[in-house]
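Comments concern the structure below.
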There are 2 protein chains.
Amino acid sequence: MASLSDISRHAGVSIATCSRVLNGSDHPVSEATRTRVMKAAEELGYAPSALARALVTRSSRIIGVIVADIVDPYFAEIARGVEEVGAGMGYMTMVCSAKAGTEAELSHLRQLRDYHAAGIVFAGSGRHNDPSAHELADAVAEAHHRGAVVVALAQRDFDAPRILFDNEAAAHDITAHVRDLGHERITFVDGPEGLHTSVLRRAGFTRAGGRDRIPGGFAYEDGVRAAETLLARDELPDAVVAANDEAAIGVLMRFREAGIDVPGEISITGIDDTRPARFVGLTTVTVPLHEMGRRAAHAVLGGPNGGDVVLPHQLAPRATTRARSARSDRRSTAPTPTAASPRSPG
Amino acid sequence: MASLSDISRHAGVSIATCSRVLNGSDHPVSEATRTRVMKAAEELGYAPSALARALVTRSSRIIGVIVADIVDPYFAEIARGVEEVGAGMGYMTMVCSAKAGTEAELSHLRQLRDYHAAGIVFAGSGRHNDPSAHELADAVAEAHHRGAVVVALAQRDFDAPRILFDNEAAAHDITAHVRDLGHERITFVDGPEGLHTSVLRRAGFTRAGGRDRIPGGFAYEDGVRAAETLLARDELPDAVVAANDEAAIGVLMRFREAGIDVPGEISITGIDDTRPARFVGLTTVTVPLHEMGRRAAHAVLGGPNGGDVVLPHQLAPRATTRARSARSDRRSTAPTPTAASPRSPG
DNA sequence: TTGTACGCGTTATCAA
DNA sequence: TTGATAACGCGTACAA
């Protein structure tokens, strides 16, 4: 409640001097008055107004992170990284959900600008043929111009340093891994339509020799649907590579519900290694989400430093994949009676 | 970039008038000048400074939500609820992680106050014998005094309206449900030591006739450890009721890894019904996390309205529980050879 | 209906 | 080493 002028009056010192001692200014102040001011501040319970400070400094200690959905562990992990290092430096983190798309991102960006946010982190991927992409790019440029540091944690269509991992390579590597396990007929469950990240992951799958693809998404239900698509076919593939963990888990659960043995009959993998992946023992690709968040925060704290950064990813083989040789091959040997039956639930 | 004075100059109108038309003031303004101002604002791309506005109004359109860990789906769900209705009303949501405890909460509270946050939502539970509880209570009182609306979404030791569900009843109901399934020997995996929520849930278990309890926590690893404690005993219980979903999943996974059939040999349940619970088909209690977040936001938007609210919870029977009669009873019939063997993995 | 002027709490410049 | 004082951008009595 107490303001600088209160302190000033209480200590019998000018308001300017109070400001100097109360905020690590390099301006010299005599030890005597310094203690006087400190004491007054202590007694009156002085707390600087972040608002007033930001108004004059033209920069608040606020970091905005724009995500699609904070409930999605992918984004939560990023947000936590940002918050972690931000809080350590006295910054507050604003989390903005933009599930609605670029339009919502734009409005959040503007709002963040109105608060003179020191930095803005775009956690999600951009989309193809985005009608408001240009408008967003302009707004980003303006925010940058006004001193805000903008960082992108995925493929984006505006000018900002990127801190990311190689989506294409991640998808390639997990596909190759499955292939190395001896699986030939591999189906890829696509990510959301139009997302750059989806395109990248699909490309990785293709480069690794994958051919079969079916529509999917990043949500559990998308995975369930994809599994049903597969179940409706005459024959199941050897393995399913889903565009992300949550979809993979959807596939996994639907298959198990249908009585399919995973990984006995079919292998399933995801990408991202979010917490739920560990819970279900999903083979996936560990991706530096938390570290990306941390680095993004460091980027805004340290000012716009340098160009893009590509962080490493890593295979995380777990319990939903198995080498083909290690299981009863349904094709090279005569089909057993049990080979067809499991697909009907109950 | 353009400020009110810019508009004022551009439109040849006083700065006060500009303010009046640009912020739905009820002060009368002639239609002529109104359009003049609007046009100028449009041309110069006027955006009000949230900072300056907050400074003079003594209240920013910021809602702070203090959670233990945003990666925890329990809190993410709450945060999303807050953000959802907040964003709809032009408010920004600050998410603060206070994993470190009350000390961290206190520092976040202070920071939020420095930004003149309109409201502060405490998502997590308080703890017993908390050394800084009193200090926090004082800070909360001060924040309240300064016009901020403070809401608690769990048991707390300070004065603030509460929006919550009945933890005791939730634990009681799930335990009773398991009991109704015919299970007698039920073990409760405790929540984190010292948390009010832990005490409440434990009490519910006890009231439902439960007796056996083992140490646990709210994390996956805690559940894994609890499972190992159980595996080390001579005999497994009929069912395990864990203090929350994540611990339950830890128990579940460890048991399955040990070759135990869930729910064939043992039933497992959680509390909260977070997303991962659905992923693994965990029987649990659905709890109004999202709605609590939404209501909390409404509470801060509508000012301090009324007293505590207790929202309903609901049983969510799924695939990790089974009626005792429906499975081979290991005790009333002669033990079969397969009854003992599953416990050794591999 | 419009304009003037003060205050919100800081930082920063310039004198003293 | 210290102190006035002008911004920062806005809301709002009060006056015109």
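Simple scheme: letters A, B, ... for chains in structure tokens order, numbers from 1 for residues in each chain, numbers from 1 for ligands in the order shown.
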
Put chain A on top of chain B with a least-squares fit on all C-alpha atoms, paired in order, and send it back as a compact mmCIF listing (two decimals) with C-alpha atoms, in the first residue's frame.
# COMPACT_ATOMS: atom_id res chain seq x y z
CA MET A 1 1.72 2.78 -30.30
CA ALA A 2 -0.71 5.63 -30.60
CA SER A 3 -1.84 7.09 -27.30
CA LEU A 4 -4.87 9.12 -26.37
CA SER A 5 -2.98 12.37 -26.81
CA ASP A 6 -2.04 11.32 -30.34
CA ILE A 7 -5.67 10.74 -31.12
CA SER A 8 -6.61 13.96 -29.46
CA ARG A 9 -4.21 15.91 -31.63
CA HIS A 10 -5.15 14.09 -34.80
CA ALA A 11 -8.85 14.59 -34.27
CA GLY A 12 -8.59 18.11 -32.91
CA VAL A 13 -10.51 17.09 -29.81
CA SER A 14 -9.59 17.16 -26.17
CA ILE A 15 -7.92 14.16 -24.67
CA ALA A 16 -10.77 13.76 -22.23
CA THR A 17 -13.32 13.47 -24.99
CA CYS A 18 -11.21 10.88 -26.73
CA SER A 19 -11.07 8.86 -23.57
CA ARG A 20 -14.83 9.07 -23.29
CA VAL A 21 -15.62 7.77 -26.74
CA LEU A 22 -12.87 5.20 -26.82
CA ASN A 23 -13.94 3.56 -23.58
CA GLY A 24 -17.64 3.00 -23.28
CA SER A 25 -18.21 5.94 -20.98
CA ASP A 26 -21.79 6.94 -20.30
CA HIS A 27 -20.79 10.56 -20.54
CA PRO A 28 -22.64 12.12 -23.49
CA VAL A 29 -20.65 12.90 -26.63
CA SER A 30 -22.03 14.37 -29.84
CA GLU A 31 -22.28 11.99 -32.73
CA ALA A 32 -20.12 14.25 -34.86
CA THR A 33 -17.07 14.31 -32.61
CA ARG A 34 -17.58 10.66 -31.74
CA THR A 35 -17.07 9.62 -35.35
CA ARG A 36 -14.15 12.01 -35.67
CA VAL A 37 -12.45 10.37 -32.76
CA MET A 38 -13.28 6.87 -33.95
CA LYS A 39 -11.81 7.63 -37.32
CA ALA A 40 -8.64 9.07 -35.85
CA ALA A 41 -8.27 6.06 -33.58
CA GLU A 42 -8.75 3.78 -36.53
CA GLU A 43 -6.18 5.58 -38.64
CA LEU A 44 -3.54 5.75 -35.97
CA GLY A 45 -4.23 2.25 -34.72
CA TYR A 46 -5.05 3.22 -31.19
CA ALA A 47 -4.68 0.64 -28.46
CA PRO A 48 -5.30 1.67 -24.86
CA SER A 49 -2.50 1.07 -22.40
CA ALA A 50 -3.70 -1.55 -19.98
CA LEU A 51 -0.92 -0.45 -17.70
CA ALA A 52 -1.92 3.19 -17.44
CA ARG A 53 -5.52 2.23 -17.09
CA ALA A 54 -4.78 -0.21 -14.31
CA LEU A 55 -2.61 2.35 -12.58
CA VAL A 56 -5.39 4.86 -12.27
CA THR A 57 -8.23 2.39 -11.86
CA ARG A 58 -6.24 0.56 -9.22
CA SER A 59 -7.25 -2.71 -10.79
CA SER A 60 -5.86 -4.57 -13.75
CA ARG A 61 -7.72 -7.09 -15.81
CA ILE A 62 -5.48 -9.82 -14.58
CA ILE A 63 -6.48 -12.99 -12.80
CA GLY A 64 -3.80 -14.91 -11.04
CA VAL A 65 -4.15 -18.59 -10.41
CA ILE A 66 -1.71 -20.16 -8.03
CA VAL A 67 -1.21 -23.87 -8.62
CA ALA A 68 1.28 -26.44 -7.45
CA ASP A 69 2.24 -27.59 -10.91
CA ILE A 70 0.67 -26.70 -14.22
CA VAL A 71 1.77 -30.02 -15.69
CA ASP A 72 -0.48 -31.77 -13.23
CA PRO A 73 -3.74 -32.23 -15.16
CA TYR A 74 -5.67 -31.52 -11.99
CA PHE A 75 -4.40 -27.96 -12.00
CA ALA A 76 -4.29 -27.60 -15.74
CA GLU A 77 -8.00 -28.31 -15.85
CA ILE A 78 -8.68 -25.64 -13.26
CA ALA A 79 -6.44 -23.13 -14.99
CA ARG A 80 -8.23 -23.73 -18.23
CA GLY A 81 -11.57 -23.07 -16.62
CA VAL A 82 -10.34 -19.78 -15.23
CA GLU A 83 -8.68 -18.76 -18.46
CA GLU A 84 -11.74 -19.67 -20.48
CA VAL A 85 -14.21 -17.37 -18.83
CA GLY A 86 -11.56 -14.79 -18.06
CA ALA A 87 -10.49 -14.47 -21.68
CA GLY A 88 -14.13 -14.18 -22.67
CA MET A 89 -14.33 -11.06 -20.55
CA GLY A 90 -11.05 -9.58 -21.68
CA TYR A 91 -9.04 -10.73 -18.69
CA MET A 92 -5.63 -12.29 -18.82
CA THR A 93 -4.68 -15.23 -16.67
CA MET A 94 -1.40 -15.52 -14.87
CA VAL A 95 -0.44 -19.02 -13.91
CA CYS A 96 1.93 -19.31 -10.99
CA SER A 97 3.52 -22.57 -9.94
CA ALA A 98 4.11 -22.92 -6.25
CA LYS A 99 5.48 -26.40 -6.02
CA ALA A 100 7.88 -25.15 -3.41
CA GLY A 101 4.98 -24.63 -1.02
CA THR A 102 3.36 -21.83 0.92
CA GLU A 103 6.48 -19.73 0.78
CA ALA A 104 6.25 -19.65 -3.00
CA GLU A 105 2.53 -18.98 -2.87
CA LEU A 106 3.20 -16.00 -0.71
CA SER A 107 5.72 -14.56 -3.09
CA HIS A 108 3.37 -15.06 -6.02
CA LEU A 109 0.58 -13.46 -4.11
CA ARG A 110 2.71 -10.40 -3.47
CA GLN A 111 3.70 -10.19 -7.08
CA LEU A 112 0.11 -10.45 -8.20
CA ARG A 113 -0.71 -7.67 -5.81
CA ASP A 114 2.03 -5.53 -7.35
CA TYR A 115 0.21 -5.85 -10.64
CA HIS A 116 -3.08 -5.00 -8.99
CA ALA A 117 -4.58 -8.28 -10.09
CA ALA A 118 -8.35 -8.20 -10.03
CA GLY A 119 -8.50 -11.67 -8.58
CA ILE A 120 -6.37 -14.40 -7.16
CA VAL A 121 -7.34 -18.04 -7.26
CA PHE A 122 -5.69 -20.55 -4.97
CA ALA A 123 -6.08 -23.88 -6.68
CA GLY A 124 -4.17 -26.09 -4.29
CA SER A 125 -4.82 -27.30 -0.80
CA GLY A 126 -3.35 -25.91 2.38
CA ARG A 127 -1.19 -27.94 4.73
CA HIS A 128 -1.19 -28.72 8.40
CA ASN A 129 1.28 -27.04 10.70
CA ASP A 130 2.31 -24.66 8.01
CA PRO A 131 4.86 -22.22 9.44
CA SER A 132 4.05 -19.48 6.94
CA ALA A 133 0.31 -19.98 7.08
CA HIS A 134 -0.20 -16.94 9.22
CA GLU A 135 1.87 -14.74 7.01
CA LEU A 136 -0.08 -15.93 4.01
CA ALA A 137 -3.35 -15.24 5.76
CA ASP A 138 -2.21 -11.69 6.42
CA ALA A 139 -1.18 -11.17 2.83
CA VAL A 140 -4.51 -12.54 1.64
CA ALA A 141 -6.35 -10.18 3.94
CA GLU A 142 -4.32 -7.28 2.62
CA ALA A 143 -4.97 -8.26 -1.00
CA HIS A 144 -8.65 -8.47 -0.22
CA HIS A 145 -8.50 -5.10 1.46
CA ARG A 146 -6.99 -3.62 -1.66
CA GLY A 147 -9.91 -4.76 -3.73
CA ALA A 148 -8.68 -8.05 -5.08
CA VAL A 149 -11.08 -10.96 -5.00
CA VAL A 150 -9.48 -14.03 -3.50
CA VAL A 151 -10.97 -17.47 -4.05
CA ALA A 152 -9.86 -20.83 -2.69
CA LEU A 153 -10.49 -24.02 -4.59
CA ALA A 154 -9.55 -26.28 -1.71
CA GLN A 155 -9.28 -26.32 2.05
CA ARG A 156 -7.35 -23.27 3.17
CA ASP A 157 -6.33 -21.58 6.37
CA PHE A 158 -7.17 -18.07 5.35
CA ASP A 159 -10.36 -16.15 4.96
CA ALA A 160 -11.70 -16.46 1.43
CA PRO A 161 -14.79 -17.83 -0.26
CA ARG A 162 -14.36 -21.43 -1.32
CA ILE A 163 -15.49 -23.17 -4.43
CA LEU A 164 -14.87 -26.85 -4.08
CA PHE A 165 -16.16 -30.38 -4.01
CA ASP A 166 -16.44 -32.70 -1.08
CA ASN A 167 -13.14 -34.55 -0.87
CA GLU A 168 -14.23 -36.60 2.07
CA ALA A 169 -17.42 -37.70 0.37
CA ALA A 170 -15.62 -38.46 -2.88
CA ALA A 171 -13.21 -40.79 -1.11
CA HIS A 172 -16.06 -42.30 0.85
CA ASP A 173 -18.14 -42.93 -2.23
CA ILE A 174 -15.44 -44.60 -4.24
CA THR A 175 -14.54 -46.78 -1.28
CA ALA A 176 -18.17 -47.70 -0.74
CA HIS A 177 -18.45 -48.48 -4.42
CA VAL A 178 -15.54 -50.86 -4.24
CA ARG A 179 -17.07 -52.38 -1.15
CA ASP A 180 -20.38 -52.84 -2.97
CA LEU A 181 -18.45 -54.73 -5.58
CA GLY A 182 -17.81 -57.29 -2.90
CA HIS A 183 -14.30 -56.38 -1.92
CA GLU A 184 -13.44 -56.51 1.74
CA ARG A 185 -9.73 -56.06 2.11
CA ILE A 186 -9.21 -52.59 0.69
CA THR A 187 -5.96 -50.65 0.95
CA PHE A 188 -5.83 -46.89 0.74
CA VAL A 189 -2.79 -45.23 -0.76
CA ASP A 190 -2.45 -42.00 1.15
CA GLY A 191 -1.96 -38.58 -0.40
CA PRO A 192 0.98 -36.30 0.37
CA GLU A 193 1.72 -35.89 4.03
CA GLY A 194 0.32 -32.76 5.62
CA LEU A 195 -2.07 -31.72 2.89
CA HIS A 196 -5.60 -30.94 4.03
CA THR A 197 -6.90 -32.72 0.98
CA SER A 198 -5.02 -35.86 1.97
CA VAL A 199 -6.59 -35.82 5.39
CA LEU A 200 -10.04 -35.35 3.93
CA ARG A 201 -9.73 -38.19 1.48
CA ARG A 202 -8.29 -40.47 4.08
CA ALA A 203 -11.20 -39.65 6.36
CA GLY A 204 -13.66 -40.58 3.63
CA PHE A 205 -11.95 -43.90 3.19
CA THR A 206 -12.14 -44.56 6.89
CA ARG A 207 -15.77 -43.58 7.16
CA ALA A 208 -16.59 -46.07 4.43
CA GLY A 209 -15.15 -48.77 6.62
CA GLY A 210 -11.63 -48.82 5.23
CA ARG A 211 -8.81 -49.73 7.57
CA ASP A 212 -5.58 -50.54 5.79
CA ARG A 213 -3.53 -47.58 4.71
CA ILE A 214 -0.05 -47.17 3.26
CA PRO A 215 2.02 -44.08 2.51
CA GLY A 216 1.73 -42.66 -0.97
CA GLY A 217 1.50 -39.27 -2.62
CA PHE A 218 -0.07 -37.67 -5.66
CA ALA A 219 2.59 -38.64 -8.19
CA TYR A 220 2.93 -41.63 -10.47
CA GLU A 221 6.12 -42.70 -8.75
CA ASP A 222 4.38 -42.63 -5.39
CA GLY A 223 1.88 -45.07 -6.76
CA VAL A 224 4.63 -47.30 -8.07
CA ARG A 225 6.25 -47.32 -4.66
CA ALA A 226 2.96 -48.09 -2.96
CA ALA A 227 2.44 -51.01 -5.31
CA GLU A 228 5.84 -52.33 -4.39
CA THR A 229 5.01 -52.07 -0.75
CA LEU A 230 1.96 -54.16 -1.44
CA LEU A 231 3.82 -56.66 -3.57
CA ALA A 232 6.21 -57.23 -0.72
CA ARG A 233 3.38 -58.43 1.47
CA ASP A 234 2.30 -62.04 1.74
CA GLU A 235 -1.08 -61.37 0.33
CA LEU A 236 -2.54 -58.72 -1.93
CA PRO A 237 -5.70 -56.85 -0.91
CA ASP A 238 -8.91 -57.20 -2.91
CA ALA A 239 -8.72 -53.61 -4.00
CA VAL A 240 -6.61 -50.49 -3.84
CA VAL A 241 -8.11 -47.04 -3.50
CA ALA A 242 -5.48 -44.42 -4.28
CA ALA A 243 -5.72 -40.83 -3.11
CA ASN A 244 -5.69 -39.57 -6.66
CA ASP A 245 -5.59 -40.74 -10.26
CA GLU A 246 -1.92 -40.41 -10.91
CA ALA A 247 -0.95 -42.51 -7.91
CA ALA A 248 -3.62 -45.02 -8.90
CA ILE A 249 -2.11 -45.29 -12.34
CA GLY A 250 1.28 -45.84 -10.79
CA VAL A 251 -0.13 -48.69 -8.76
CA LEU A 252 -1.90 -50.09 -11.78
CA MET A 253 1.16 -50.06 -14.01
CA ARG A 254 3.42 -51.57 -11.41
CA PHE A 255 0.94 -54.36 -10.75
CA ARG A 256 0.51 -55.14 -14.41
CA GLU A 257 4.25 -55.12 -14.82
CA ALA A 258 4.39 -57.69 -12.03
CA GLY A 259 1.99 -59.84 -13.98
CA ILE A 260 -0.99 -59.14 -11.80
CA ASP A 261 -4.32 -59.11 -13.55
CA VAL A 262 -6.23 -55.88 -12.96
CA PRO A 263 -9.14 -56.04 -12.42
CA GLY A 264 -9.08 -59.83 -12.50
CA GLU A 265 -7.12 -60.27 -9.34
CA ILE A 266 -7.35 -56.86 -7.82
CA SER A 267 -9.39 -53.71 -8.36
CA ILE A 268 -7.82 -50.26 -8.45
CA THR A 269 -9.43 -46.83 -8.24
CA GLY A 270 -8.39 -43.21 -8.16
CA ILE A 271 -9.97 -39.85 -7.50
CA ASP A 272 -10.22 -36.77 -9.77
CA ASP A 273 -10.90 -38.21 -13.22
CA THR A 274 -8.15 -36.33 -14.95
CA ARG A 275 -7.55 -37.10 -18.61
CA PRO A 276 -4.99 -39.85 -18.09
CA ALA A 277 -7.57 -41.73 -16.05
CA ARG A 278 -9.71 -42.03 -19.13
CA PHE A 279 -6.72 -43.09 -21.14
CA VAL A 280 -6.05 -46.10 -18.96
CA GLY A 281 -9.68 -46.85 -18.21
CA LEU A 282 -9.31 -46.13 -14.53
CA THR A 283 -12.33 -46.33 -12.27
CA THR A 284 -12.38 -43.04 -10.39
CA VAL A 285 -14.49 -40.14 -9.16
CA THR A 286 -15.28 -37.35 -11.56
CA VAL A 287 -14.69 -34.04 -9.90
CA PRO A 288 -15.73 -30.58 -11.21
CA LEU A 289 -12.25 -29.18 -11.79
CA HIS A 290 -13.08 -27.25 -14.91
CA GLU A 291 -16.27 -25.90 -13.44
CA MET A 292 -14.46 -24.81 -10.31
CA GLY A 293 -12.08 -22.82 -12.46
CA ARG A 294 -14.94 -21.27 -14.35
CA ARG A 295 -16.78 -20.33 -11.21
CA ALA A 296 -13.68 -18.90 -9.66
CA ALA A 297 -13.27 -16.61 -12.64
CA HIS A 298 -16.90 -15.61 -12.46
CA ALA A 299 -16.43 -14.85 -8.80
CA VAL A 300 -13.62 -12.42 -9.48
CA LEU A 301 -15.49 -10.84 -12.39
CA GLY A 302 -18.68 -10.42 -10.44
CA GLY A 303 -17.02 -9.27 -7.27
CA PRO A 304 -17.02 -11.10 -3.97
CA ASN A 305 -20.37 -12.80 -4.07
CA GLY A 306 -21.62 -14.93 -1.29
CA GLY A 307 -20.07 -17.78 0.60
CA ASP A 308 -18.78 -21.22 -0.09
CA VAL A 309 -19.97 -23.43 -2.89
CA VAL A 310 -19.75 -27.20 -2.90
CA LEU A 311 -20.05 -28.75 -6.33
CA PRO A 312 -21.15 -32.35 -6.88
CA HIS A 313 -18.85 -35.21 -7.77
CA GLN A 314 -19.72 -38.45 -9.49
CA LEU A 315 -18.57 -42.03 -9.64
CA ALA A 316 -16.91 -43.06 -12.88
CA PRO A 317 -16.80 -46.87 -12.96
CA ARG A 318 -14.45 -48.11 -15.63
CA ALA A 319 -12.15 -50.97 -16.43
CA THR A 320 -9.93 -51.27 -13.38
CA THR A 321 -12.61 -52.57 -11.06
CA ARG A 322 -14.65 -55.75 -11.13
CA ALA A 323 -17.18 -57.32 -8.82
CA ARG A 324 -15.71 -59.99 -6.61
CA SER A 325 -18.33 -62.56 -7.51
CA ALA A 326 -17.39 -62.18 -11.15
CA ARG A 327 -13.91 -63.46 -10.66
CA SER A 328 -12.21 -66.57 -9.40
CA ASP A 329 -12.03 -66.18 -5.67
CA ARG A 330 -8.59 -67.01 -4.44
CA ARG A 331 -9.64 -67.52 -0.88
CA SER A 332 -12.93 -69.39 -0.71
CA THR A 333 -11.82 -72.02 -3.19
CA ALA A 334 -8.67 -74.03 -3.07
CA PRO A 335 -5.81 -71.94 -4.36
CA THR A 336 -4.89 -72.84 -7.90
CA PRO A 337 -1.27 -73.10 -9.06
CA THR A 338 -1.63 -69.93 -11.06
CA ALA A 339 -2.79 -67.92 -8.10
CA ALA A 340 0.67 -67.35 -6.72
CA SER A 341 2.83 -67.32 -9.78
CA PRO A 342 1.67 -64.13 -11.49
CA ARG A 343 3.37 -62.00 -8.97
CA SER A 344 6.79 -62.71 -10.33
CA PRO A 345 7.33 -60.68 -13.47
CA GLY A 346 8.54 -62.06 -16.78

Next item on the list: Determine which residues of segment 13-182 of chain B receive a DSSP assignment of strand (DSSP E), computed from the backbone, and state them as an MDAnalysis selection string.
Entry: chainID B and resid 60:67 92:97 117:122 149:152 163:165

Using only C-alpha atoms (C1' of nucleotides), tabulate the residues of chain D lying at most 8 Å from any atom of chain B, each with its closest atom pair and that distance in Å to one decimal, by chain and increasing residue number, as a tab-separated table.
residue	atom	partner	partner_atom	distance
D:DC8	C1'	B:Ala52	CA	7.9
D:DG9	C1'	B:Ala52	CA	5.1
D:DC10	C1'	B:Arg53	CA	5.2
D:DG11	C1'	B:Val56	CA	6.5

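Distance-wise, atom C1' of DT10 of chain C and atom C1' of DT5 of chain D end up 13.0 Å apart.
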
Next item on the list: Do a neighbour search on DA6 of chain D at 12 Å with only C-alpha atoms (C1' of nucleotides), toss out local chain neighbours closer than 5 positions, and write the hits as a list of chain:residue names.
Entry: A:Val56, C:DT11, C:DA12, C:DT13, C:DC14

Selection from above, C-alpha atoms (C1' of nucleotides), as an mmCIF file, in the first residue's frame, can you write it?
data_model
loop_
_atom_site.group_PDB
_atom_site.id
_atom_site.type_symbol
_atom_site.label_atom_id
_atom_site.label_comp_id
_atom_site.auth_asym_id
_atom_site.auth_seq_id
_atom_site.Cartn_x
_atom_site.Cartn_y
_atom_site.Cartn_z
ATOM 1 C CA VAL A 56 7.609 4.408 -17.398
ATOM 2 C "C1'" DT C 11 12.019 6.371 -13.574
ATOM 3 C "C1'" DA C 12 15.169 9.629 -15.314
ATOM 4 C "C1'" DT C 13 17.122 14.144 -16.372
ATOM 5 C "C1'" DC C 14 19.121 18.037 -14.747
#

Next item on the list: Output as JSON, numbers by chain all residues of segment 274-305 of chain A that backbone DSSP marks as alpha helix (DSSP H).
Entry: {"A": [275, 276, 277, 278, 279, 280, 289, 290, 291, 292, 293, 294, 295, 296, 297, 298, 299, 300, 301]}

Any chance you could tabulate, as a tab-separated table, the residues of chain C at most 7 Å from chain B with each one's nearest atom pair and distance in Å to one decimal, using only C-alpha atoms (C1' of nucleotides), in chain and rising number order?
residue	atom	partner	partner_atom	distance
C:DT1	C1'	B:Val29	CA	6.2
C:DG3	C1'	B:Ser14	CA	6.1
C:DC8	C1'	B:Val56	CA	4.6
